[in-house]
file my_file-v4.txt (compact mmCIF, C-alpha atoms)
# COMPACT_ATOMS: atom_id res chain seq x y z
CA MET A 1042 100.05 21.22 -386.69
CA LEU A 1043 103.05 19.20 -385.57
CA CYS A 1044 104.53 22.43 -384.25
CA THR A 1045 101.29 23.23 -382.44
CA ALA A 1046 101.36 19.79 -380.88
CA PHE A 1047 104.97 20.25 -379.76
CA GLY A 1048 104.03 23.67 -378.44
CA LEU A 1049 101.23 22.11 -376.43
CA MET A 1050 103.66 19.56 -375.03
CA LEU A 1051 105.84 22.39 -373.77
CA ALA A 1052 102.83 24.37 -372.58
CA SER A 1053 101.58 21.46 -370.50
CA ARG A 1054 104.92 21.58 -368.64
CA SER A 1055 104.93 25.34 -368.00
CA GLN A 1056 101.30 26.47 -368.04
CA THR A 1057 100.11 23.74 -365.73
CA ALA A 1058 97.21 25.68 -364.20
CA ALA A 1059 95.69 26.74 -367.52
CA VAL A 1060 96.16 23.30 -369.06
CA GLU A 1061 94.59 21.69 -366.01
CA ARG A 1062 91.58 24.00 -366.27
CA LEU A 1063 91.13 23.20 -369.96
CA ARG A 1064 91.59 19.49 -369.33
CA ILE A 1065 88.87 19.32 -366.72
CA LEU A 1066 86.51 21.47 -368.81
CA ILE A 1067 86.78 18.92 -371.60
CA ALA A 1068 86.41 16.01 -369.20
CA ASP A 1069 83.31 17.76 -367.82
CA ALA A 1070 81.81 18.04 -371.27
CA PHE A 1071 82.33 14.36 -372.05
CA ALA A 1072 81.39 13.04 -368.60
CA PRO A 1073 77.68 12.46 -369.39
CA ILE A 1074 78.55 10.45 -372.51
CA LEU A 1075 81.15 8.39 -370.67
CA GLU A 1076 78.70 7.79 -367.82
CA LEU A 1077 76.23 6.43 -370.34
CA MET A 1078 78.84 4.17 -371.92
CA VAL A 1079 79.91 2.68 -368.60
CA GLN A 1080 76.37 1.46 -367.86
CA PRO A 1081 76.29 -1.56 -370.22
CA VAL A 1082 79.69 -2.77 -369.03
CA ALA A 1083 78.55 -2.47 -365.43
CA THR A 1084 75.34 -4.37 -366.23
CA VAL A 1085 77.16 -7.22 -367.96
CA THR A 1086 79.77 -7.45 -365.21
CA GLY A 1087 77.00 -7.49 -362.63
CA MET A 1088 75.20 -10.27 -364.48
CA LEU A 1089 78.37 -12.35 -364.82
CA ASP A 1090 79.05 -11.88 -361.12
CA ALA A 1091 75.49 -12.93 -360.32
CA VAL A 1092 75.79 -16.10 -362.41
CA GLY A 1093 79.19 -16.89 -360.91
CA GLY A 1094 77.85 -16.22 -357.43
CA MET A 1095 74.86 -18.52 -357.93
CA ALA A 1096 77.15 -21.56 -358.11
CA ASP A 1097 78.55 -21.19 -354.62
CA VAL A 1098 75.70 -19.57 -352.74
CA TYR A 1099 75.79 -22.24 -350.06
CA ALA A 1100 79.53 -22.09 -349.41
CA GLU A 1101 79.41 -18.30 -349.55
CA ASN A 1102 76.56 -18.21 -347.03
CA GLN A 1103 78.49 -20.48 -344.70
CA ARG A 1104 81.55 -18.28 -345.00
CA LEU A 1105 79.56 -15.11 -344.39
CA HIS A 1106 77.96 -16.58 -341.27
CA GLU A 1107 81.37 -17.30 -339.84
CA GLU A 1108 82.67 -13.91 -340.87
CA ASN A 1109 79.65 -12.20 -339.35
CA ALA A 1110 80.23 -13.91 -336.03
CA ARG A 1111 83.84 -12.83 -336.09
CA LEU A 1112 82.99 -9.26 -337.09
CA LEU A 1113 80.47 -8.96 -334.27
CA GLN A 1114 83.29 -9.68 -331.84
CA TRP A 1115 85.41 -7.04 -333.55
CA HIS A 1116 82.51 -4.61 -333.34
CA GLU A 1117 82.33 -5.10 -329.60
CA ALA A 1118 86.07 -4.64 -329.31
CA ALA A 1119 85.95 -1.50 -331.45
CA LEU A 1120 83.20 0.04 -329.34
CA ALA A 1121 85.18 -0.62 -326.17
CA VAL A 1122 88.35 0.85 -327.68
CA GLN A 1123 86.46 3.89 -328.96
CA GLN A 1124 85.05 4.48 -325.51
CA GLU A 1125 88.48 4.17 -323.96
CA ASN A 1126 90.02 6.38 -326.63
CA GLU A 1127 87.49 9.11 -326.00
CA SER A 1128 87.97 9.10 -322.26
CA LEU A 1129 91.76 9.15 -322.66
CA ARG A 1130 91.44 12.04 -325.09
CA GLN A 1131 89.38 13.90 -322.53
CA LEU A 1132 92.04 13.24 -319.89
CA LEU A 1133 94.71 14.67 -322.18
CA ASN A 1134 92.55 17.57 -323.35
CA LEU A 1135 93.02 16.59 -327.00
CA PRO A 1136 90.50 17.98 -329.45
CA THR A 1137 88.18 15.27 -330.73
CA GLN A 1138 88.80 14.35 -334.34
CA SER A 1139 85.81 15.16 -336.45
CA GLY A 1140 84.58 12.38 -338.69
CA ALA A 1141 85.37 12.53 -342.37
CA ARG A 1142 82.65 12.90 -344.99
CA PHE A 1143 82.60 10.66 -348.05
CA VAL A 1144 81.49 11.17 -351.60
CA THR A 1145 81.11 8.00 -353.65
CA ALA A 1146 81.82 8.33 -357.35
CA ARG A 1147 81.70 5.91 -360.23
CA ILE A 1148 84.80 5.49 -362.37
CA ILE A 1149 83.85 6.51 -365.92
CA GLY A 1150 87.22 6.69 -367.64
CA ASP A 1151 90.30 4.56 -367.30
CA ASN A 1152 92.77 3.02 -369.74
CA GLY A 1153 95.26 5.84 -369.99
CA GLY A 1154 97.61 3.37 -371.64
CA ALA A 1155 101.18 2.59 -370.74
CA PHE A 1156 102.22 6.01 -369.51
CA VAL A 1157 99.59 7.36 -367.10
CA ARG A 1158 97.73 5.93 -364.14
CA THR A 1159 94.72 8.14 -363.66
CA VAL A 1160 90.96 7.60 -363.64
CA LEU A 1161 88.05 9.89 -364.35
CA VAL A 1162 85.17 9.80 -361.85
CA SER A 1163 81.60 10.97 -362.24
CA SER A 1164 81.47 13.45 -359.37
CA GLY A 1165 82.78 16.96 -359.21
CA ALA A 1166 82.54 20.27 -357.45
CA ARG A 1167 78.74 20.10 -357.40
CA ASP A 1168 79.01 16.99 -355.21
CA GLY A 1169 81.42 18.72 -352.88
CA LEU A 1170 84.66 17.35 -354.27
CA ARG A 1171 87.82 19.32 -353.79
CA LYS A 1172 91.34 19.02 -355.07
CA ASN A 1173 93.78 16.83 -353.10
CA GLN A 1174 91.11 14.71 -351.44
CA ALA A 1175 92.06 11.10 -350.81
CA ALA A 1176 90.39 8.47 -353.00
CA VAL A 1177 89.83 5.13 -351.28
CA THR A 1178 88.18 1.80 -351.99
CA GLY A 1179 87.01 -0.75 -349.46
CA GLU A 1180 90.54 -2.14 -349.41
CA GLY A 1181 92.56 1.00 -348.95
CA LEU A 1182 93.98 4.13 -350.52
CA ALA A 1183 93.76 4.35 -354.32
CA GLY A 1184 94.99 7.86 -355.06
CA ARG A 1185 94.41 11.57 -354.84
CA VAL A 1186 92.05 13.98 -356.62
CA ILE A 1187 94.11 16.22 -358.90
CA GLU A 1188 91.56 17.99 -361.10
CA VAL A 1189 88.00 18.91 -360.20
CA GLY A 1190 85.36 19.99 -362.67
CA GLU A 1191 81.67 20.63 -362.19
CA ARG A 1192 80.56 17.03 -362.73
CA ALA A 1193 83.80 15.10 -363.25
CA ALA A 1194 87.14 14.82 -361.51
CA ARG A 1195 90.45 13.13 -362.20
CA VAL A 1196 92.16 10.91 -359.65
CA LEU A 1197 95.91 10.32 -359.80
CA LEU A 1198 96.43 6.70 -358.76
CA LEU A 1199 99.19 6.02 -356.27
CA THR A 1200 101.03 3.92 -358.86
CA ASP A 1201 101.41 6.88 -361.26
CA ILE A 1202 104.89 8.22 -361.85
CA ASN A 1203 103.85 11.62 -360.48
CA SER A 1204 102.27 10.31 -357.29
CA ARG A 1205 103.94 11.08 -353.93
CA ILE A 1206 102.08 10.15 -350.76
CA PRO A 1207 103.27 10.70 -347.19
CA VAL A 1208 103.03 7.34 -345.42
CA ALA A 1209 104.17 5.66 -342.23
CA LEU A 1210 105.01 2.09 -341.32
CA GLU A 1211 102.21 0.85 -339.10
CA LYS A 1212 104.34 -0.76 -336.40
CA SER A 1213 107.43 1.42 -336.13
CA ARG A 1214 105.61 4.63 -337.17
CA ALA A 1215 108.65 5.52 -339.29
CA ARG A 1216 107.63 8.12 -341.86
CA ALA A 1217 108.37 7.82 -345.55
CA VAL A 1218 107.05 8.83 -348.94
CA LEU A 1219 105.38 6.40 -351.30
CA ALA A 1220 106.52 7.23 -354.82
CA GLY A 1221 104.80 5.69 -357.84
CA ASP A 1222 106.71 4.75 -360.99
CA ASN A 1223 103.82 3.45 -363.18
CA GLY A 1224 104.67 -0.11 -362.12
CA PRO A 1225 102.37 -2.24 -359.97
CA MET A 1226 104.49 -1.75 -356.85
CA PRO A 1227 105.35 1.83 -355.81
CA GLN A 1228 108.60 2.55 -354.05
CA LEU A 1229 109.12 3.66 -350.45
CA VAL A 1230 111.54 6.57 -350.35
CA HIS A 1231 112.92 8.95 -347.71
CA LEU A 1232 112.63 6.26 -345.06
CA PRO A 1233 114.87 7.06 -342.08
CA PRO A 1234 117.99 4.86 -342.19
CA ASP A 1235 117.31 3.33 -338.79
CA ALA A 1236 113.85 2.10 -339.79
CA ALA A 1237 113.69 -1.64 -340.36
CA PRO A 1238 110.72 -2.43 -342.56
CA ALA A 1239 109.68 -6.09 -342.48
CA ILE A 1240 108.10 -7.87 -345.40
CA GLY A 1241 104.35 -7.97 -344.88
CA GLU A 1242 104.31 -4.92 -342.59
CA ARG A 1243 101.40 -2.60 -343.30
CA VAL A 1244 101.91 0.88 -344.67
CA VAL A 1245 99.33 3.56 -343.83
CA THR A 1246 98.95 7.26 -344.63
CA SER A 1247 100.83 9.37 -342.12
CA GLY A 1248 98.57 12.40 -342.43
CA PHE A 1249 101.75 14.44 -342.70
CA GLY A 1250 101.16 17.56 -344.72
CA GLY A 1251 97.51 17.64 -343.72
CA LEU A 1252 96.06 16.47 -347.02
CA PHE A 1253 94.98 12.99 -346.03
CA PRO A 1254 93.57 11.65 -342.80
CA PRO A 1255 96.22 9.58 -341.03
CA GLY A 1256 95.81 5.82 -340.83
CA ILE A 1257 94.25 4.97 -344.19
CA PRO A 1258 95.70 1.56 -345.15
CA VAL A 1259 97.83 1.81 -348.30
CA GLY A 1260 99.62 -1.48 -348.79
CA THR A 1261 102.06 -3.98 -347.40
CA ILE A 1262 105.82 -4.11 -347.75
CA ALA A 1263 106.44 -6.56 -350.57
CA ARG A 1264 110.17 -6.39 -351.20
CA VAL A 1265 113.09 -5.06 -349.22
CA GLY A 1266 116.21 -4.75 -351.33
CA PRO A 1267 119.54 -3.08 -350.69
CA ASP A 1268 118.54 0.05 -352.58
CA GLU A 1269 114.78 -0.12 -352.89
CA ILE A 1270 111.75 -0.99 -350.83
CA ARG A 1271 108.57 -1.87 -352.71
CA VAL A 1272 105.01 -1.69 -351.45
CA MET A 1273 102.13 -3.77 -352.78
CA PRO A 1274 98.98 -1.62 -352.75
CA LEU A 1275 95.89 -3.14 -351.14
CA VAL A 1276 93.52 -1.95 -353.85
CA ALA A 1277 92.37 -4.52 -356.44
CA TRP A 1278 92.82 -2.27 -359.47
CA ASP A 1279 90.97 -4.43 -362.02
CA ARG A 1280 87.83 -4.64 -359.89
CA MET A 1281 87.72 -0.98 -358.99
CA GLU A 1282 84.32 0.40 -360.05
CA TYR A 1283 83.65 3.07 -357.46
CA LEU A 1284 85.89 5.32 -355.44
CA ARG A 1285 85.09 6.99 -352.15
CA LEU A 1286 86.53 10.47 -351.89
CA VAL A 1287 87.32 11.52 -348.36
CA ASP A 1288 86.46 15.05 -347.38
CA TYR A 1289 88.89 15.67 -344.61
CA GLU A 1290 89.39 19.14 -343.22
CA ALA A 1291 93.08 19.79 -342.94
CA ALA A 1292 92.34 22.26 -340.15
CA ASP A 1293 91.28 19.41 -337.85
CA LEU A 1294 94.71 17.89 -338.04
CA SER A 1295 96.71 21.08 -337.72
CA GLY A 1296 95.27 21.46 -334.22
CA LEU A 1297 96.96 18.21 -333.23
CA LEU A 1298 100.40 19.15 -334.42
CA PRO A 1299 102.79 21.66 -332.90
CA GLU A 1300 103.10 24.96 -334.77
CA GLY A 1301 105.33 24.86 -337.81
CA VAL A 1302 105.87 21.12 -337.88
CA ALA A 1303 103.49 20.21 -340.67
CA GLY A 1304 102.49 22.87 -343.12
CA GLY A 1305 98.82 22.78 -342.09
CA PRO A 1306 96.22 23.55 -344.75
CA ARG A 1307 97.69 24.27 -348.14
CA MET B 467 65.07 22.75 -403.96
CA SER B 468 64.59 20.42 -401.00
CA GLN B 469 66.01 17.40 -402.80
CA PRO B 470 69.51 18.79 -403.30
CA PHE B 471 69.52 20.12 -399.76
CA TRP B 472 68.72 16.76 -398.20
CA HIS B 473 71.08 15.11 -400.60
CA ARG B 474 73.84 17.48 -399.57
CA LEU B 475 73.09 16.95 -395.89
CA ASP B 476 73.23 13.22 -396.43
CA GLN B 477 76.54 13.53 -398.26
CA PHE B 478 77.92 15.68 -395.47
CA ALA B 479 76.87 13.19 -392.81
CA ARG B 480 78.46 10.37 -394.74
CA ARG B 481 81.69 12.31 -395.16
CA LEU B 482 81.75 13.00 -391.44
CA PHE B 483 81.30 9.31 -390.70
CA PRO B 484 84.98 8.20 -390.37
CA PHE B 485 85.73 11.04 -387.98
CA ALA B 486 82.57 10.47 -385.93
CA LEU B 487 83.20 6.73 -385.75
CA THR B 488 86.79 7.29 -384.62
CA LEU B 489 85.55 9.68 -381.95
CA ALA B 490 83.03 7.12 -380.72
CA LEU B 491 85.79 4.52 -380.66
CA LEU B 492 87.94 6.84 -378.55
CA LEU B 493 85.18 7.25 -375.97
CA ALA B 494 84.44 3.53 -375.98
CA SER B 495 88.10 2.73 -375.41
CA LEU B 496 88.04 4.77 -372.19
CA VAL B 497 85.41 2.59 -370.56
CA PRO B 498 87.04 0.64 -367.75
CA LEU B 499 86.85 -3.13 -368.22
CA PRO B 500 87.22 -5.51 -365.29
CA LEU B 501 90.20 -7.32 -366.82
CA PRO B 502 93.52 -7.79 -365.04
CA ALA B 503 95.98 -4.99 -365.88
CA TYR B 504 93.84 -3.96 -368.86
CA ALA B 505 94.12 -0.25 -368.15
CA SER B 506 97.89 -0.16 -368.64
CA VAL B 507 98.00 -2.29 -371.78
CA SER B 508 94.68 -1.31 -373.40
CA PRO B 509 95.22 -1.39 -377.18
CA SER B 510 95.43 1.96 -378.97
CA PHE B 511 92.29 1.92 -381.07
CA MET B 512 93.11 5.40 -382.32
CA VAL B 513 96.29 4.13 -383.99
CA MET B 514 94.23 1.43 -385.73
CA ALA B 515 91.51 3.83 -386.84
CA VAL B 516 93.88 6.50 -388.14
CA TYR B 517 95.90 3.89 -390.06
CA PHE B 518 92.77 2.37 -391.56
CA TRP B 519 91.16 5.61 -392.72
CA THR B 520 94.41 7.12 -393.97
CA LEU B 521 94.86 4.09 -396.19
CA HIS B 522 91.30 3.73 -397.40
CA ARG B 523 89.77 7.21 -397.35
CA PRO B 524 92.51 9.80 -396.74
CA ASP B 525 90.14 12.51 -398.00
CA LEU B 526 87.86 11.83 -395.05
CA MET B 527 90.65 11.67 -392.45
CA PRO B 528 92.62 14.88 -393.08
CA PRO B 529 95.47 15.93 -390.76
CA VAL B 530 93.15 18.39 -388.99
CA ALA B 531 90.85 15.54 -387.98
CA VAL B 532 93.82 13.41 -386.88
CA PHE B 533 95.15 16.29 -384.83
CA ALA B 534 91.77 16.88 -383.17
CA ILE B 535 91.41 13.20 -382.30
CA GLY B 536 94.92 13.01 -380.86
CA LEU B 537 94.41 16.12 -378.79
CA LEU B 538 91.09 14.90 -377.43
CA GLN B 539 92.72 11.60 -376.52
CA ASP B 540 95.41 13.43 -374.57
CA PHE B 541 92.81 15.49 -372.79
CA LEU B 542 90.60 12.57 -371.85
CA THR B 543 93.24 10.04 -370.84
CA GLY B 544 95.18 12.56 -368.79
CA GLY B 545 98.39 11.99 -370.72
CA VAL B 546 100.95 14.65 -371.60
CA LEU B 547 99.19 17.14 -373.85
CA GLY B 548 100.20 16.88 -377.50
CA VAL B 549 101.86 13.46 -377.39
CA SER B 550 99.01 11.51 -378.99
CA ALA B 551 98.45 14.33 -381.47
CA ILE B 552 102.09 14.11 -382.60
CA VAL B 553 102.07 10.31 -382.70
CA LEU B 554 98.86 10.13 -384.73
CA LEU B 555 99.94 12.91 -387.11
CA VAL B 556 103.30 11.24 -387.79
CA LEU B 557 101.51 7.92 -388.26
CA SER B 558 99.09 9.53 -390.68
CA PHE B 559 101.90 11.15 -392.73
CA ALA B 560 103.89 7.91 -392.79
CA THR B 561 100.89 5.84 -393.78
CA GLY B 562 99.85 8.37 -396.41
CA SER B 563 103.24 8.11 -398.07
CA GLN B 564 102.85 4.31 -398.33
CA ARG B 565 99.41 4.40 -399.93
CA ARG B 566 100.93 3.50 -403.30
CA PHE B 567 102.03 0.09 -401.99
CA LEU B 568 99.35 -0.56 -399.42
CA GLY B 569 96.35 1.06 -401.09
CA GLY B 570 94.78 -1.84 -402.92
CA ALA B 571 96.93 -4.54 -401.36
CA LEU B 572 95.81 -7.84 -399.83
CA PHE B 573 94.68 -7.68 -396.25
CA VAL B 574 97.77 -9.55 -395.05
CA THR B 575 99.98 -6.90 -396.65
CA VAL B 576 97.95 -4.13 -395.07
CA TRP B 577 98.31 -5.85 -391.72
CA ALA B 578 102.06 -6.24 -392.21
CA GLY B 579 102.19 -2.54 -392.98
CA PHE B 580 100.33 -1.93 -389.72
CA VAL B 581 102.81 -4.07 -387.78
CA VAL B 582 105.63 -1.79 -388.96
CA ASN B 583 103.81 1.55 -388.75
CA SER B 584 102.27 0.97 -385.35
CA ALA B 585 105.66 -0.14 -384.02
CA GLY B 586 106.95 3.27 -385.06
CA ALA B 587 103.97 4.92 -383.38
CA ALA B 588 104.50 2.95 -380.17
CA LEU B 589 108.21 3.80 -380.08
CA LEU B 590 107.49 7.46 -380.75
CA ALA B 591 104.89 7.53 -377.95
CA TRP B 592 107.36 5.91 -375.59
CA GLY B 593 110.11 8.34 -376.58
CA LEU B 594 107.95 11.45 -376.24
CA ASN B 595 106.59 10.36 -372.87
CA THR B 596 110.10 9.60 -371.67
CA VAL B 597 111.29 13.04 -372.74
CA ALA B 598 108.25 14.73 -371.19
CA ALA B 599 108.55 12.92 -367.87
CA GLY B 600 112.34 13.07 -367.75
CA THR B 601 112.59 9.42 -366.68
CA MET B 602 112.79 6.17 -368.58
CA PHE B 603 109.45 4.39 -368.68
CA ASP B 604 109.27 0.64 -368.38
CA LEU B 605 109.13 -0.69 -371.93
CA ARG B 606 107.06 -3.75 -371.09
CA PRO B 607 103.56 -2.19 -370.79
CA ALA B 608 104.22 -0.28 -374.01
CA LEU B 609 105.32 -3.52 -375.68
CA PHE B 610 102.21 -5.42 -374.53
CA GLN B 611 100.05 -2.52 -375.62
CA TYR B 612 101.69 -2.68 -379.04
CA LEU B 613 101.22 -6.45 -379.34
CA LEU B 614 97.54 -6.16 -378.36
CA THR B 615 97.07 -3.36 -380.88
CA VAL B 616 98.62 -5.42 -383.66
CA GLY B 617 96.68 -8.52 -382.63
CA LEU B 618 93.34 -6.75 -382.56
CA TYR B 619 93.82 -4.89 -385.85
CA PRO B 620 92.28 -7.62 -388.06
CA SER B 621 89.03 -7.66 -386.06
CA LEU B 622 88.68 -3.89 -385.94
CA GLY B 623 89.77 -3.63 -389.57
CA TRP B 624 87.07 -6.10 -390.56
CA LEU B 625 84.44 -4.05 -388.70
CA LEU B 626 85.68 -0.84 -390.28
CA VAL B 627 85.57 -2.37 -393.76
CA ARG B 628 81.92 -3.38 -393.12
CA ALA B 629 81.13 0.10 -391.82
CA GLN B 630 82.84 1.71 -394.78
CA ARG B 631 80.91 -0.42 -397.24
CA ALA B 632 77.60 0.20 -395.50
CA VAL B 633 77.91 3.96 -395.20
CA LEU B 634 80.35 5.23 -397.80
CA ARG B 635 79.72 2.97 -400.80
CA PRO B 636 76.87 5.04 -402.24
CA ALA B 637 78.94 8.20 -401.97

call {"tool": "encode", "arguments": {"input": "my_file-v4.txt", "output": "structure tokens"}}
result
Amino acid sequence: MLCTAFGLMLASRSQTAAVERLRILIADAFAPILELMVQPVATVTGMLDAVGGMADVYAENQRLHEENARLLQWHEAALAVQQENESLRQLLNLPTQSGARFVTARIIGDNGGAFVRTVLVSSGARDGLRKNQAAVTGEGLAGRVIEVGERAARVLLLTDINSRIPVALEKSRARAVLAGDNGPMPQLVHLPPDAAPAIGERVVTSGFGGLFPPGIPVGTIARVGPDEIRVMPLVAWDRMEYLRLVDYEAADLSGLLPEGVAGGPR
Amino acid sequence: MSQPFWHRLDQFARRLFPFALTLALLLASLVPLPLPAYASVSPSFMVMAVYFWTLHRPDLMPPVAVFAIGLLQDFLTGGVLGVSAIVLLVLSFATGSQRRFLGGALFVTVWAGFVVNSAGAALLAWGLNTVAAGTMFDLRPALFQYLLTVGLYPSLGWLLVRAQRAVLRPA
């Protein structure tokens, strides 16, 4: 049996496709049970939140009023910018970007331990999920769909050691790759040498490679050292209950890029 | 005729109990909890369960069962396939060989045995993952995971002793 286990370890390195298939089949089979088990935790958390929220209803209401007023201004600004953007696009004859479709899925499995950063979600192919879709929360990018079953899917979080995400600095537009290492702050690699990232600068998806829509917020530059640049993700990992999975047609983007620059749909 | 049949079925269900309980524990341990950094340091309940049953009822936690549990854990957590199976099997062999000293020992002794054995399991898991990934993993999450596992063993052990008494005593 030990030999079998070692054999499987080797197999999972070489026979990745078959192992992946098997993995998601098993996750599929257990998804309904896990879904059931998540319910009580969600109920208790909800109740605790409700009790905690009761205490500062007044202050919260005050804060929300102010925020609402501010957001209304932003809404106006956004509408104006959208209008302007559309007319400029028409002037330049750019194809209009089609809106992305979302699937919202509940996280039903977590706690991979010290060596993996993945989560299992309760939606799969029957909900229209596909491999390589971006997984986001309200705050920003969380990861990428790596395995899709009928009713469950696995999301590789951007902090995982196997995660590589094409990103860009928001101000300078310098492209780089965000590489996870299982720690809380992934590393920014392949940044051009002339780029000068500033602490606090936002990092967004670059859309390079056509997998993700460009412009999804990812994190902020947290540390700039002589040999490493670290990014603090925006997502609050401990409070992550649902993920939105972005259905983004790679074909839409390939129209915007010159031939042969980005390897369009893969 | 019917009496022995039901009796046998009952016996079978009782004998399946440690495995079924461990399986349920595995699924429960996957449920995400809204605690800071819990996911990366979540205690390994499987290590606790395998240690407990190997000491107290090795006949009901044979290597095949340990292997199946380890494999399922690898599948469900998304870890490298086979790693948990190896770790749990080695733990089960090691624990089995110490049954003579730890079998009827005081709880504190059993716990001390767990401190040592689960340290071996944690190190082995770290080593195998490091080999599989080809890079050194940070030791700190693994260390915290180990400390949590050791710290939680008395409570889980207490529950398992109750469960064992309630279900397996008449057997």

call {"tool": "interface_residues", "arguments": {"input": "my_file-v4.txt", "of": "chain A", "to": "chain B", "cutoff": "8 Å", "atoms": "only C-alpha atoms", "output": "number ranges by chain"}}
result
A: 1042-1043, 1046-1050, 1053, 1064, 1067-1068, 1075, 1078-1079, 1082, 1086, 1148-1160, 1223-1224, 1278-1281

call {"tool": "residues_around", "arguments": {"input": "my_file-v4.txt", "residues": "A:Gly1181", "least_positions_apart": "3", "cutoff": "9 Å", "atoms": "only C-alpha atoms", "output": "PDB file with C-alpha atoms, in the frame of the given file"}}
result
ATOM      1  CA  ALA A1176      90.390   8.470-353.000  1.00  0.00           C
ATOM      2  CA  VAL A1177      89.830   5.130-351.280  1.00  0.00           C
ATOM      3  CA  THR A1178      88.180   1.800-351.990  1.00  0.00           C
ATOM      4  CA  VAL A1245      99.330   3.560-343.830  1.00  0.00           C
ATOM      5  CA  ILE A1257      94.250   4.970-344.190  1.00  0.00           C
ATOM      6  CA  PRO A1258      95.700   1.560-345.150  1.00  0.00           C
ATOM      7  CA  VAL A1259      97.830   1.810-348.300  1.00  0.00           C
ATOM      8  CA  GLY A1260      99.620  -1.480-348.790  1.00  0.00           C
ATOM      9  CA  PRO A1274      98.980  -1.620-352.750  1.00  0.00           C
ATOM     10  CA  LEU A1275      95.890  -3.140-351.140  1.00  0.00           C
ATOM     11  CA  VAL A1276      93.520  -1.950-353.850  1.00  0.00           C
TER      12      VAL A1276
END

call {"tool": "atom_distance", "arguments": {"input": "my_file-v4.txt", "atom1": "atom CA of A:Val1162", "atom2": "atom CA of A:Thr1057"}}
result
20.8 Å

call {"tool": "closest_residue", "arguments": {"input": "my_file-v4.txt", "among": "A:Ile1206, A:Thr1200, A:Gly1241, A:Phe1143", "to": "A:Asp1222", "atoms": "all atoms listed in the file"}}
result
A:Thr1200

call {"tool": "atom_distance", "arguments": {"input": "my_file-v4.txt", "atom1": "atom CA of A:Arg1062", "atom2": "atom CA of A:Val1287"}}
result
22.2 Å

call {"tool": "atom_distance", "arguments": {"input": "my_file-v4.txt", "atom1": "atom CA of A:Met1088", "atom2": "atom CA of A:Tyr1283"}}
result
17.3 Å

call {"tool": "residues_around", "arguments": {"input": "my_file-v4.txt", "residues": "stretch 519-524 of chain B", "least_positions_apart": "3", "cutoff": "12 Å", "atoms": "only C-alpha atoms", "output": "MDAnalysis selection string"}}
result
chainID B and resid 481:488 512:516 527:532 554:571 573 576:577 579:580 583 622:623 626:627 629:631 634:635 637
